[in-house]
Structure formats: C-alpha cells, structure tokens
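Notes to accompany the following structure.
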Amino acid sequence: MTPHGRSQAGAAAGRPTLERAEVDGAWSRQRHFYEEECDPEFEIARPHNCGRLYQFLIEYKFQAGLEVLGLKLAGRSVLELCCGSGMMSEKFARAGATVTGIDFSPAAIARARERARRYRFAARFLVADAENLAFPGRSFDIVAVHDGLHHLGEPRQAIREMARVAREAVLILDPARAALTRVAIRLGIAAEMEEAGNEVKRLVPGEVATAVREQGYGNVRWRRTLMYYPHQPSGWFRWFERTPAFAAFRAAFWCTDVVLGRWGNKLALGARRAAPD
C-alpha cells in the first residue's frame, strides 16, 4: 500500500526545519518509488497473479478485519485510505460496498482504475492526502486502511481523520509492534525500512484503541494475526498450488495462529461509534 502525501497540518504547526526536510524527503522517495519503480502489471493484477497461497493469506487478513468490524459491508459506503493499486478496494466492492479509494500517488490511482476496469468492479479512485481528508465529517459509513498507516509521517493524525469522516465505523489492518517482528528483523526476514524508503511504523494495538475511543468510538475490537508474506510471492509459494499441500498449509497456519496469533505481527482493529446516527 502507498501513503498519503505530505502532511500540511504538520508543516503549518511550525515543525523544525530539519524534521520537515526529513518528512519531505521520505515523501519524495516514496512518491518516486510508487510512480517510477513499481511493476504496473504486477500491482494491477495482485493477488490474482500470485497463486493460491498468496490469495489465501490476503483473504485471511480481510476476513479478520470483517470479524472485528462486526458489520455487513453490503449497502454501505466505504472510504479506503492509502488504497494503492486497489487490491483491498476490490474486496470491499465485491462484498457489496460502495467504494471510494484514495492514495497520494497518481500512478497508483491510475493502476487502481485499470484494475476496476479489468476485473469489472465498481469503485471511485481519487488522489488525496490521508492525513488531511477533504471530506466533511461522517461522509462515509466505514473508513478503512490496509497496510497504509505504517507509511505515514503521522499515523495518529490519519486515524483521527478516519474517525472524523466515518459515520459508523473505522477498520484498520496494519502491521503491529511485536516481539516476533523484532526477531524477524534480526534474522533478515522482516525489515525496519521498506523498499520505498519509509520506516515501517508498526502500531501498538492499545494505543490505536485509545486514539479511536478519544474520537467517540465506544465499541473497539481488535485481534492480532501471525502472518508473513513478501510483497511479490517467493518461488516456494508455488509448492502449495496442489490441493493436498494447500490444505496441509491452511491447517498448519490455522493451528499456529490459534496458538501464537495473540502475539502476532498483523493488527485487525474495528471501532464503531458509541451512538451512530
């Protein structure tokens, strides 16, 4: 997923020059990466072109989100922040939602529109800043983000904006801070800096829950999931294309997540307004 763009709110607040330069530099590096270095065809087709195992993992994350959200998507309007090339927007749309996806990258938005045309689902895609949403309060039933907050200069500001614009609920699917992640970083399995040049700002579930409660959301549910997959699937993913191997993986994955998921590296958090309109 790709980030929002530069935070005008932070600049207006009078940040020190060095900090502004760092934020702008990170924004520029990410903008260049998503505009110039991505493989457009891969991004448009992901996960359709990634094999059975990869699609299973993405769907597992999506279903974990629906579980904590506790709302049907059909007939509801959904705004997705940091939508990138529209992979998760497609899932929201296929679940019956009226979808608007935003991203800071015009190239990503062009890819998302091509995805919608190619795979025949309805969604609106716009270039916009996730930390400063140009929508009135309570404009969408649900405001969601998938693997986007960890790109941002100020994730908490984006969470406040999500809470402001949502009429009923917010849904956050993003990396969580975890001891297992620290071990994975030492082993070279996970990274502190992504290829796009941004620090991975992993979330603390309790802090995110507090942030949304402060915005008037009384029903907050979250769960962790233990999950890893590279952005582009490794060759060994193809080992699980056949049904016996795929079924064995699913069973092992489920058992592992039941035992270790509470310490997992992926956060699914759903929050609903205490008194929705």
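Please note that chains go A, B, ... in the order of the structure tokens, that every chain numbers its residues from 1, and that ligands are numbered from 1 in the order shown.
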
Range 163-263 of chain A: residues DSSP assigns to strand (DSSP E), reported as a PyMOL selection string: chain A and resi 166-175+217-225

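Residues in contact with Lys91 in chain A at up to 10 Å, not including ones fewer than 3 positions away on its chain and judged by only C-alpha atoms, are Ile58, Glu59, Phe62, Gly86, Met87, Met88, Arg94, Ala95, Gly96, Ala97, Val99 and Phe121 of chain A.
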
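Remark: for Arg113 in chain A, the closest of the candidate residues A:Leu126, A:Met162, A:Leu79, A:Ala178 is A:Leu126 (distances computed over only C-alpha atoms).
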
Within 12 Å of range 255-274 of chain A, which residues of range 109-179 of chain A show up? Give each one with its shortest atom-to-atom distance in Å (one decimal) and the two atoms involved, counting only C-alpha atoms, rows by chain then rising residue number, as a Markdown table.
```
| residue | atom | partner | partner_atom | distance |
| --- | --- | --- | --- | --- |
| A:Arg138 | CA | A:Arg273 | CA | 10.7 |
| A:Asp141 | CA | A:Arg272 | CA | 10.1 |
| A:Ile142 | CA | A:Arg272 | CA | 9.0 |
| A:Val143 | CA | A:Gly270 | CA | 10.1 |
| A:Ala144 | CA | A:Gly270 | CA | 9.1 |
| A:Val145 | CA | A:Ala268 | CA | 10.1 |
| A:His146 | CA | A:Ala268 | CA | 9.2 |
| A:Asp147 | CA | A:Lys266 | CA | 9.4 |
| A:Leu149 | CA | A:Leu267 | CA | 11.5 |
| A:His150 | CA | A:Leu267 | CA | 11.6 |
| A:Ile159 | CA | A:Ala271 | CA | 11.2 |
| A:Met162 | CA | A:Ala271 | CA | 10.7 |
| A:Ala163 | CA | A:Arg273 | CA | 8.8 |
| A:Arg164 | CA | A:Arg273 | CA | 10.5 |
| A:Val165 | CA | A:Arg273 | CA | 11.6 |
| A:Ala166 | CA | A:Arg273 | CA | 8.8 |
| A:Arg167 | CA | A:Arg273 | CA | 7.7 |
| A:Glu168 | CA | A:Arg273 | CA | 5.6 |
| A:Ala169 | CA | A:Arg272 | CA | 4.2 |
| A:Val170 | CA | A:Ala271 | CA | 5.3 |
| A:Leu171 | CA | A:Gly270 | CA | 4.6 |
| A:Ile172 | CA | A:Leu269 | CA | 5.1 |
| A:Leu173 | CA | A:Ala268 | CA | 4.7 |
| A:Asp174 | CA | A:Leu267 | CA | 5.4 |
| A:Pro175 | CA | A:Lys266 | CA | 4.6 |
| A:Ala176 | CA | A:Asn265 | CA | 4.9 |
| A:Arg177 | CA | A:Asn265 | CA | 6.3 |
| A:Ala178 | CA | A:Asn265 | CA | 5.5 |
| A:Ala179 | CA | A:Trp263 | CA | 7.5 |
```

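Taking CA of Cys50 in chain A as the reference point, CA of Pro233 in chain A is found at 6.4 Å.
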
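Among the candidates A:Phe246, A:Phe104, A:Tyr228, A:Trp239, the residue lying nearest to Ala128 in chain A is A:Phe104 (atoms considered: only C-alpha atoms).
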
Which residues of range 199-266 of chain A sit at most 9 Å from range 65-71 of chain A, using only C-alpha atoms? Give each one's shortest atom pair and distance in Å (one decimal place), in chain and ascending residue order, as a tab-separated table.
```
residue	atom	partner	partner_atom	distance
A:Val220	CA	A:Val68	CA	8.2
A:Arg221	CA	A:Val68	CA	5.4
A:Trp222	CA	A:Val68	CA	5.8
A:Arg223	CA	A:Val68	CA	7.3
```

Of the candidates A:Lys61, A:Lys72, A:Arg250, A:Arg224, which one gets nearest to Leu203 in chain A if we count only C-alpha atoms? A:Arg224

Within 12 Å of Trp254 in chain A, counting only C-alpha atoms, which residues qualify if same-chain residues fewer than 6 places away don't, as a PyMOL selection string? chain A and resi 56-57+60+225-227+247-248+260-261

Take the residues that were just selected and, keeping N, CA and C atoms, output them as a PDB file, in the first residue's frame.
```pdb
ATOM      1  N   PHE A  56      -4.911 -16.775  -0.454  1.00  0.00           N
ATOM      2  CA  PHE A  56      -5.458 -17.223   0.831  1.00  0.00           C
ATOM      3  C   PHE A  56      -5.041 -16.286   1.960  1.00  0.00           C
ATOM      4  N   LEU A  57      -3.782 -15.884   2.006  1.00  0.00           N
ATOM      5  CA  LEU A  57      -3.294 -15.026   3.077  1.00  0.00           C
ATOM      6  C   LEU A  57      -3.949 -13.644   3.042  1.00  0.00           C
ATOM      7  N   TYR A  60      -7.445 -14.054   4.254  1.00  0.00           N
ATOM      8  CA  TYR A  60      -7.465 -14.288   5.698  1.00  0.00           C
ATOM      9  C   TYR A  60      -7.416 -12.954   6.444  1.00  0.00           C
ATOM     10  N   THR A 225      -2.799 -11.232  14.253  1.00  0.00           N
ATOM     11  CA  THR A 225      -2.616 -12.424  13.434  1.00  0.00           C
ATOM     12  C   THR A 225      -1.132 -12.590  13.166  1.00  0.00           C
ATOM     13  N   LEU A 226      -0.671 -13.804  13.241  1.00  0.00           N
ATOM     14  CA  LEU A 226       0.714 -14.100  12.907  1.00  0.00           C
ATOM     15  C   LEU A 226       0.791 -14.385  11.413  1.00  0.00           C
ATOM     16  N   MET A 227       1.451 -13.498  10.671  1.00  0.00           N
ATOM     17  CA  MET A 227       1.436 -13.641   9.220  1.00  0.00           C
ATOM     18  C   MET A 227       2.669 -13.004   8.601  1.00  0.00           C
ATOM     19  N   ALA A 247      -4.078 -27.652   1.429  1.00  0.00           N
ATOM     20  CA  ALA A 247      -4.898 -27.992   2.593  1.00  0.00           C
ATOM     21  C   ALA A 247      -4.031 -28.185   3.834  1.00  0.00           C
ATOM     22  N   ALA A 248      -2.870 -28.805   3.671  1.00  0.00           N
ATOM     23  CA  ALA A 248      -1.965 -29.001   4.800  1.00  0.00           C
ATOM     24  C   ALA A 248      -1.461 -27.660   5.322  1.00  0.00           C
ATOM     25  N   LEU A 260      -0.277 -18.820  18.542  1.00  0.00           N
ATOM     26  CA  LEU A 260       0.656 -17.690  18.621  1.00  0.00           C
ATOM     27  C   LEU A 260       0.077 -16.360  18.135  1.00  0.00           C
ATOM     28  N   GLY A 261      -1.139 -16.388  17.596  1.00  0.00           N
ATOM     29  CA  GLY A 261      -1.695 -15.186  16.993  1.00  0.00           C
ATOM     30  C   GLY A 261      -1.797 -14.006  17.925  1.00  0.00           C
TER      31      GLY A 261
END
```

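The coordinates place CA of Val208 in chain A at 19.9 Å from CA of Cys83 in chain A.
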
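Close contacts of Ala122 in chain A, defined as residues with an atom at most 9 Å away when counting only C-alpha atoms, with chain neighbours fewer than 4 positions off set aside, comprise Glu90, Ala93, Arg94, Thr98, Val99, Ala116 and Arg117 of chain A.
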
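Comparing the minimum interatomic distances between Ala112 in chain A and each of A:Cys82, A:Leu53, A:Ile44, A:Ala245, counting only C-alpha atoms, we find that A:Ile44 sits nearest.
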
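Among the candidates A:Pro136, A:Pro47, A:Glu37, A:Asp103, the residue lying nearest to His231 in chain A is A:Pro47 (atoms considered: only C-alpha atoms).
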
Please, which residues of range 78-268 of chain A, numbered as in this document, come out helix (DSSP H, G or I) from DSSP, as number ranges by chain? A: 87-94, 106-119, 149-151, 155-165, 179-186, 205-213, 235-240, 243-263
